[in-house]
Protein chains: 2
Amino acid sequence: MRYEDFLDLGYTPGEDDLICRFHLEVDGMPFEKAAGGVAAESSVGTWTEISTFKSYVERLHATVFEINGPEIGIAYPIGLFEPGNMPNILSSVAGNVFGLKEVTNLRLNDIIFPRKLAASFKGPAYGIQGVRSLLGVRDRPLIGTIVKPKLGLNTADHAEVAYEAWRGGCDIVKDDENLAGQSFNPFEDRVVKTLEARDRAEEETGERKVYMANVTSETETMLRRAEFIEEQGGRYLMVDILTAGWSALQTLRDQDFKLVIHAHRAGHAALTKSPRHGIAMPVIAKISRLIGVDQLHVGAAVGKMTEGKEEVAENIEACTEEMHGIRPVLPVASGGVYPGLVPEMNRFFGRDFVCQAGGGIHGHPEGTAAGALAMRQAVEACLQKTPLKEYARDHRELALALEKWGEI
Amino acid sequence: MRYEDFLDLGYTPGEDDLICRFHLEVDGMPFEKAAGGVAAESSVGTWTEISTFKSYVERLHATVFEINGPEIGIAYPIGLFEPGNMPNILSSVAGNVFGLKEVTNLRLNDIIFPRKLAASFKGPAYGIQGVRSLLGVRDRPLIGTIVKPKLGLNTADHAEVAYEAWRGGCDIVKDDENLAGQSFNPFEDRVVKTLEARDRAEEETGERKVYMANVTSETETMLRRAEFIEEQGGRYLMVDILTAGWSALQTLRDQDFKLVIHAHRAGHAALTKSPRHGIAMPVIAKISRLIGVDQLHVGAAVGKMTEGKEEVAENIEACTEEMHGIRPVLPVASGGVYPGLVPEMNRFFGRDFVCQAGGGIHGHPEGTAAGALAMRQAVEACLQKTPLKEYARDHRELALALEKWGEI
């Protein structure tokens with residue numbers, strides 16, 4: 001088959017087709033031929049005609065079925081893929097195609113999994129409703145923090161920061177994405193001491209609190225760490241899905257630990273930042289959801305990170321839209337968040353999200369507990385539809401936070 | 001610490017520092033401050049001053065120690081990282097930094113691991129010399145092929161194509177990157193039948209032949225498949241290192257299977273293609289080498305893929321340069337290769353590489369065995385310093401290949 005044979009604009013994808021939408025830019029080859037080249041290289045074709053091609057292989061060829069300016073749609077027969085093998089699927093649809101010489105830029109903008117292929121993955125065990133049940137928080141965004149500084153605290157200080165955050169009003173405390181088992185704060189000791197702090201905070205506040213320990217590492221170490229969290233009475237783990245990778249994430253999910261999986265996307269912007277090349281975040285969100293993470297960082301829409309509201313809205317949609325009955329993933333808003341941003345975030349995210357602040361809590365002039373309380377007050381003000389400045393009149397911690405960082 | 005505190009152009013990195021070189025583009029913030037922001041976000045800092053910072057944490061801060069136009073160098077104290085945990089290292093140096101709002105583009109161009117950190121990884125078990133010993137080929141490039149069409153052949157036809165390639169003169173036959181355990185060609189059956197074909201080819205040719213079965217999948221499945229290859233008398237596995245991910249690759253290497261690890265880099269160009277954003281291929285090569293792959297795709301320098309000679313030369317250097325005594329990785333040249341390109345590839349790669357052709361073998365007018373023989377003849381011609389056209393006078397298969405695809 002030649003590149004051109006992978007193009008059929010009259011083709012209507014069937015319910016068993018996997019569909020990908022790409023942004024494509026081409027140099028040195030007609031656009032339609034290059035589009036066919038992408039479909040060829042990601043299915044059964046190559047650059048030259050070969051003697052080993054058999055007629056029975058043809059039923060598996062991918063088809064470019066739509067072209068709108070630089071955007072193309074490709075339909076892949078489900079038989080091209082091994083069920084339950086995400087790396088295998090990606091080695092086709094997000095593999096060699098990026099490196100083709102004539103393709104100057106290529107971005108995988110969307111992926112739609114057919115029901116039968118989706119059913120070969122576990123999906124989230126908890127999802128939004130499972131997390132709400134676990135925490136007993138039904139009617140407001142969850143409030144989370146990251147222990148800061150990112151790295152370097154010893155275990156006792158780490159647990160103390162976590163305790164202060166819970167005591168102040170956080171539901172969730174997490175490790176930062178680059179904290180694992182460094183010698184300054186070893187993993188097992190950290191889990192033990194931080195869960196002790198959690199128990200203390202639960203007793204004092206009467207609220208359910210969770211700690212998300214970062215298990216990111218080589219797969220077997222990761223599984224041992226997850227098991228250790230479970231043994232110690234933890235309820236959550238977190239993992240850096242992109243630096244760990246899809247194989248390990250699947251393996252982790254497949255164990256059916258009784259732990260919510262919080263997915264951090266450290267490194268995603270190497271793939272997602274350019275609008276013309278790479279892989280769009282909604283694609284990463286759908287892949288993660290299918291494999292079965294329960295919470296996922298989607299950007300804050302405000303704050304220190306790069307994505308604007310339109311992009312974050314697409315990420316949220318990928319986490320929550322109807323998808324063959326698979327549970328929705330709880331969006332986590334994180335990155336440069338502080339109390340003054342909460343009203344806008346609330347309007348944007350609705351109630352189902354984790355409002356997560358690191359510096360915006362620990363940078364509070366009166367410390368972590370006051371910072372957590374200020375975040376909680378900001379969330380309460382929004383629930384009562386009271387402007388922050390008004391609410392701050394008799395909520396000192398919020399007033400101090402607004403004074404330090406302002407309100408947008 | 002403020003972003004500016006992560007900048008010290010008078011700092012000289014020590015032997016225990018990990019060094020990264022980035023290409024950085026900035027908008028809305030002074031360049032030096034943004035450079036400090038990258039060092040902050042990838043070590044112990046954040047966007048605002050925090051009350052939980054302890055003076056003892058300061059010794060772990062990263063330092064921007066050089067700025068040359070848009071290129072910056074950052075030194076990271078080794079204590080920031082968990083030894084033997086590659087995802088953890090990458091979550092710092094190739095994590096959130098790509099997503100910072102003020103950073104319009106960021107590319108991790110180089111990474112230099114300090115000896116102590118490098119020593120916490122296994123490195124290649126075989127490397128170039130180990131592969132040469134295993135194959136008994138000392139004095140010429142190895143000749144490899146990929147079974148084509150990429151996907152869709154049934155197991156019997158797959159094994160037959162492999163047999164023809166070995167019979168014709170290939171040393172190595174590999175699965176394509178997107179072949180795993182699909183129903184049209186199940187993994188175990190494929191390994192059994194293809195290794196039978198290998199044995200037959202070895203007996204007939206008197207040469208050592210290897211088959212690289214693609215184990216890419218969820219980690220535990222991957223390990224079972226590697227074990228199966230070992231049990232069946234295989235000598236090699238292949239894995240898609242980027243779609244599988246670093247955790248699983250480490251896990252695979254850590255098992256010490258008696259199998260050479262061939263690393264396919266499907267998807268790399270989503271990260272590596274832009275000269276201004278993402279992660280450069282030499283960085284991926286060094287990471288893979290440290291973890292311990294034995295062979296790695298580095299581009300063909302000619303052919304259907306995007307990288308030019310300068311880039312491929314850098315990839316080769318990352319595979320083979322002195323690196324704390326860690327074995328060199330055998331570069332694999334693949335992607336649109338055919339016999340007419342061999343002289344130029346030979347001049348460029350020297351003798352230590354796998355000269356790998358798919359379509360350039362199976363597309364031969366007289367079929368796979370003739371195509372493999374034509375490649376072998378092209379390699380022999382180069383060893384004898386005879387121009388291909390001259391050698392082709394009494395080597396019919398090479399003549400037919402040159403006629404079909406020309407000579408550059």
# chains A, B, ... in the order shown; residues from 1 in each chain; ligands from 1
>>> closest_atom_pairs(of="chain A", to="chain B", cutoff="6 Å", atoms="only C-alpha atoms", output="tab-separated table")
residue	atom	partner	partner_atom	distance
A:Val44	CA	B:Leu151	CA	5.1
A:Thr48	CA	B:Gly359	CA	5.8
A:Glu49	CA	B:Gly363	CA	5.6
A:Ile50	CA	B:Gly363	CA	3.8
A:Ser51	CA	B:Gly363	CA	5.4
A:Phe53	CA	B:Pro149	CA	5.8
A:Val57	CA	B:Gly152	CA	4.9
A:Phe81	CA	B:Gln182	CA	6.0
A:Glu82	CA	B:Gln182	CA	4.4
A:Asn85	CA	B:Ser217	CA	5.4
A:Pro87	CA	B:Thr243	CA	4.7
A:Asn88	CA	B:Asn178	CA	5.7
A:Ser91	CA	B:Asn178	CA	5.2
A:Ser92	CA	B:Asn178	CA	5.3
A:Ala94	CA	B:Gly267	CA	5.6
A:Gly95	CA	B:Gly267	CA	3.8
A:Asn96	CA	B:Ala266	CA	5.1
A:Phe98	CA	B:Ala269	CA	5.1
A:Gly99	CA	B:Ala269	CA	5.0
A:Leu100	CA	B:Met305	CA	4.7
A:Lys101	CA	B:Thr306	CA	4.0
A:Pro149	CA	B:Val44	CA	5.6
A:Lys150	CA	B:Val44	CA	5.1
A:Leu151	CA	B:Val44	CA	5.1
A:Gly152	CA	B:Val57	CA	4.9
A:Asn178	CA	B:Ser91	CA	5.2
A:Gly181	CA	B:Glu82	CA	5.7
A:Gln182	CA	B:Glu82	CA	4.4
A:Ser217	CA	B:Asn85	CA	5.4
A:Glu218	CA	B:Ser247	CA	4.1
A:Thr219	CA	B:Ser247	CA	5.3
A:Thr243	CA	B:Pro87	CA	4.7
A:Ala244	CA	B:Ser247	CA	4.8
A:Gly245	CA	B:Gly245	CA	3.8
A:Trp246	CA	B:Ala244	CA	5.5
A:Ser247	CA	B:Glu218	CA	4.1
A:Ala248	CA	B:Ala248	CA	5.5
A:Gln250	CA	B:Glu218	CA	5.8
A:Thr251	CA	B:Glu218	CA	5.7
A:Ala266	CA	B:Gly95	CA	4.3
A:Gly267	CA	B:Gly95	CA	3.8
A:Ala269	CA	B:Gly99	CA	5.0
A:Ala270	CA	B:Gly278	CA	4.5
A:Gly278	CA	B:Ala270	CA	4.5
A:Lys304	CA	B:Lys101	CA	5.6
A:Met305	CA	B:Lys101	CA	4.6
A:Thr306	CA	B:Lys101	CA	4.0
A:Gly359	CA	B:Thr48	CA	5.8
A:His362	CA	B:Ile50	CA	5.2
A:Gly363	CA	B:Ile50	CA	3.8
A:Gly367	CA	B:Ser51	CA	5.6
>>> atom_distance(atom1="CA of Ala399 (chain B)", atom2="CA of Leu373 (chain B)")
11.0 Å
>>> residues_around(residues="Pro343 (chain A)", least_positions_apart="4", cutoff="9 Å", atoms="only C-alpha atoms", output="ChimeraX atom specification")
/A:339,347-348,378-379,381-382,387-388,408
>>> residues_around(residues="Ile128 (chain B)", least_positions_apart="2", cutoff="7 Å", atoms="only C-alpha atoms", output="list in words")
Tyr126, Gly130, Val131, Arg132, Pro328, Val329 and Leu330 of chain B
>>> write_last_selection(atoms="all heavy atoms", output="PDB file, in the first residue's frame")
ATOM      1  N   TYR B 126      25.337  -5.814  28.444  1.00  0.00           N
ATOM      2  CA  TYR B 126      26.076  -6.256  27.262  1.00  0.00           C
ATOM      3  C   TYR B 126      26.832  -5.086  26.619  1.00  0.00           C
ATOM      4  O   TYR B 126      28.039  -5.080  26.585  1.00  0.00           O
ATOM      5  CB  TYR B 126      25.136  -6.918  26.240  1.00  0.00           C
ATOM      6  CG  TYR B 126      24.555  -8.220  26.715  1.00  0.00           C
ATOM      7  CD1 TYR B 126      23.449  -8.257  27.545  1.00  0.00           C
ATOM      8  CD2 TYR B 126      25.125  -9.424  26.335  1.00  0.00           C
ATOM      9  CE1 TYR B 126      22.907  -9.461  27.986  1.00  0.00           C
ATOM     10  CE2 TYR B 126      24.606 -10.640  26.760  1.00  0.00           C
ATOM     11  CZ  TYR B 126      23.489 -10.639  27.590  1.00  0.00           C
ATOM     12  OH  TYR B 126      22.976 -11.824  28.023  1.00  0.00           O
ATOM     13  N   GLY B 130      29.529  -6.779  24.331  1.00  0.00           N
ATOM     14  CA  GLY B 130      28.716  -7.936  24.701  1.00  0.00           C
ATOM     15  C   GLY B 130      27.871  -8.424  23.534  1.00  0.00           C
ATOM     16  O   GLY B 130      27.741  -9.643  23.302  1.00  0.00           O
ATOM     17  N   VAL B 131      27.314  -7.497  22.777  1.00  0.00           N
ATOM     18  CA  VAL B 131      26.514  -7.862  21.610  1.00  0.00           C
ATOM     19  C   VAL B 131      27.399  -8.513  20.552  1.00  0.00           C
ATOM     20  O   VAL B 131      27.045  -9.537  19.958  1.00  0.00           O
ATOM     21  CB  VAL B 131      25.799  -6.616  21.039  1.00  0.00           C
ATOM     22  CG1 VAL B 131      25.234  -6.894  19.657  1.00  0.00           C
ATOM     23  CG2 VAL B 131      24.702  -6.154  21.990  1.00  0.00           C
ATOM     24  N   ARG B 132      28.578  -7.956  20.331  1.00  0.00           N
ATOM     25  CA  ARG B 132      29.486  -8.534  19.326  1.00  0.00           C
ATOM     26  C   ARG B 132      29.906  -9.952  19.728  1.00  0.00           C
ATOM     27  O   ARG B 132      29.958 -10.852  18.876  1.00  0.00           O
ATOM     28  CB  ARG B 132      30.732  -7.649  19.158  1.00  0.00           C
ATOM     29  CG  ARG B 132      30.454  -6.366  18.366  1.00  0.00           C
ATOM     30  CD  ARG B 132      31.738  -5.880  17.673  1.00  0.00           C
ATOM     31  NE  ARG B 132      31.526  -4.741  16.802  1.00  0.00           N
ATOM     32  CZ  ARG B 132      31.043  -4.819  15.567  1.00  0.00           C
ATOM     33  NH1 ARG B 132      30.718  -5.990  15.046  1.00  0.00           N
ATOM     34  NH2 ARG B 132      30.889  -3.725  14.837  1.00  0.00           N
ATOM     35  N   PRO B 328      29.376   1.271  26.673  1.00  0.00           N
ATOM     36  CA  PRO B 328      28.729   1.987  25.566  1.00  0.00           C
ATOM     37  C   PRO B 328      27.562   1.195  24.986  1.00  0.00           C
ATOM     38  O   PRO B 328      27.582  -0.041  24.982  1.00  0.00           O
ATOM     39  CB  PRO B 328      29.851   2.156  24.544  1.00  0.00           C
ATOM     40  CG  PRO B 328      30.904   1.178  24.913  1.00  0.00           C
ATOM     41  CD  PRO B 328      30.742   0.828  26.355  1.00  0.00           C
ATOM     42  N   VAL B 329      26.577   1.932  24.524  1.00  0.00           N
ATOM     43  CA  VAL B 329      25.370   1.363  23.924  1.00  0.00           C
ATOM     44  C   VAL B 329      25.549   1.305  22.412  1.00  0.00           C
ATOM     45  O   VAL B 329      26.088   2.235  21.810  1.00  0.00           O
ATOM     46  CB  VAL B 329      24.158   2.254  24.296  1.00  0.00           C
ATOM     47  CG1 VAL B 329      22.933   1.907  23.461  1.00  0.00           C
ATOM     48  CG2 VAL B 329      23.855   2.153  25.792  1.00  0.00           C
ATOM     49  N   LEU B 330      25.104   0.212  21.811  1.00  0.00           N
ATOM     50  CA  LEU B 330      25.245   0.045  20.359  1.00  0.00           C
ATOM     51  C   LEU B 330      24.191   0.880  19.625  1.00  0.00           C
ATOM     52  O   LEU B 330      22.993   0.666  19.814  1.00  0.00           O
ATOM     53  CB  LEU B 330      25.096  -1.437  20.001  1.00  0.00           C
ATOM     54  CG  LEU B 330      25.292  -1.842  18.536  1.00  0.00           C
ATOM     55  CD1 LEU B 330      26.688  -1.495  18.033  1.00  0.00           C
ATOM     56  CD2 LEU B 330      25.023  -3.334  18.352  1.00  0.00           C
TER      57      LEU B 330
END
>>> select_by_dssp(residues="region 245-363 of chain A", states="strand (DSSP E or B)", output="list in words")
Val260, Ile261, His262, Ala263, His264, Gly278, Ile279, Gln295, Leu296, His297, Met305, Leu330, Pro331, Val332, Ala333, Val354, Cys355, Gln356 and Ala357 of chain A
>>> select_by_dssp(residues="region 87-266 of chain A", states="alpha helix (DSSP H)", output="MDAnalysis selection string")
chainID A and resid 87:93 115:118 127:135 155:168 187:205 219:231 241:244 246:254
>>> residues_around(residues="region 313-317 of chain B", least_positions_apart="6", cutoff="8 Å", atoms="only C-alpha atoms", output="PDB file with all heavy atoms, in the first residue's frame")
ATOM      1  N   MET B 281      17.318  14.377  22.281  1.00  0.00           N
ATOM      2  CA  MET B 281      17.550  12.933  22.201  1.00  0.00           C
ATOM      3  C   MET B 281      18.797  12.470  22.966  1.00  0.00           C
ATOM      4  O   MET B 281      18.764  11.409  23.588  1.00  0.00           O
ATOM      5  CB  MET B 281      17.604  12.514  20.720  1.00  0.00           C
ATOM      6  CG  MET B 281      17.699  11.006  20.514  1.00  0.00           C
ATOM      7  SD  MET B 281      16.300  10.069  21.216  1.00  0.00           S
ATOM      8  CE  MET B 281      17.110   8.495  21.574  1.00  0.00           C
ATOM      9  N   PRO B 282      19.904  13.221  22.959  1.00  0.00           N
ATOM     10  CA  PRO B 282      21.051  12.754  23.752  1.00  0.00           C
ATOM     11  C   PRO B 282      20.718  12.592  25.246  1.00  0.00           C
ATOM     12  O   PRO B 282      21.302  11.740  25.920  1.00  0.00           O
ATOM     13  CB  PRO B 282      22.104  13.852  23.529  1.00  0.00           C
ATOM     14  CG  PRO B 282      21.774  14.408  22.179  1.00  0.00           C
ATOM     15  CD  PRO B 282      20.268  14.398  22.131  1.00  0.00           C
ATOM     16  N   ALA B 285      19.053   9.356  25.444  1.00  0.00           N
ATOM     17  CA  ALA B 285      20.072   8.311  25.251  1.00  0.00           C
ATOM     18  C   ALA B 285      20.855   8.076  26.543  1.00  0.00           C
ATOM     19  O   ALA B 285      21.097   6.932  26.944  1.00  0.00           O
ATOM     20  CB  ALA B 285      21.015   8.700  24.113  1.00  0.00           C
ATOM     21  N   VAL B 298      19.034   5.564  17.114  1.00  0.00           N
ATOM     22  CA  VAL B 298      19.597   6.918  17.174  1.00  0.00           C
ATOM     23  C   VAL B 298      19.306   7.725  15.910  1.00  0.00           C
ATOM     24  O   VAL B 298      19.769   8.858  15.794  1.00  0.00           O
ATOM     25  CB  VAL B 298      21.123   6.884  17.401  1.00  0.00           C
ATOM     26  CG1 VAL B 298      21.464   6.244  18.731  1.00  0.00           C
ATOM     27  CG2 VAL B 298      21.831   6.178  16.243  1.00  0.00           C
ATOM     28  N   PRO B 331      24.630   1.828  18.789  1.00  0.00           N
ATOM     29  CA  PRO B 331      23.649   2.648  18.056  1.00  0.00           C
ATOM     30  C   PRO B 331      22.965   1.842  16.948  1.00  0.00           C
ATOM     31  O   PRO B 331      23.623   1.082  16.245  1.00  0.00           O
ATOM     32  CB  PRO B 331      24.503   3.765  17.448  1.00  0.00           C
ATOM     33  CG  PRO B 331      25.813   3.729  18.181  1.00  0.00           C
ATOM     34  CD  PRO B 331      26.007   2.294  18.569  1.00  0.00           C
TER      35      PRO B 331
END
>>> residues_around(residues="Gln356 (chain A)", least_positions_apart="4", cutoff="6 Å", atoms="only C-alpha atoms", output="ChimeraX atom specification")
/A:143-145,333-334
>>> residues_around(residues="Tyr3 (chain B)", least_positions_apart="5", cutoff="6 Å", atoms="only C-alpha atoms", output="list in words")
Lys33, Gly36 and Gly37 of chain B
>>> write_last_selection(atoms="N, CA and C atoms", output="PDB file, in the first residue's frame")
ATOM      1  N   LYS B  33      15.846  36.173  36.143  1.00  0.00           N
ATOM      2  CA  LYS B  33      14.893  35.771  37.177  1.00  0.00           C
ATOM      3  C   LYS B  33      14.182  34.479  36.768  1.00  0.00           C
ATOM      4  N   GLY B  36      16.402  31.619  37.253  1.00  0.00           N
ATOM      5  CA  GLY B  36      16.345  31.266  38.669  1.00  0.00           C
ATOM      6  C   GLY B  36      15.063  30.515  39.002  1.00  0.00           C
ATOM      7  N   GLY B  37      13.970  30.889  38.341  1.00  0.00           N
ATOM      8  CA  GLY B  37      12.689  30.208  38.552  1.00  0.00           C
ATOM      9  C   GLY B  37      12.753  28.746  38.141  1.00  0.00           C
TER      10      GLY B  37
END
>>> closest_residue(among="B:Glu207, B:Thr194, B:Gly28, B:Asp256", to="Leu223 (chain B)", atoms="only C-alpha atoms")
B:Asp256
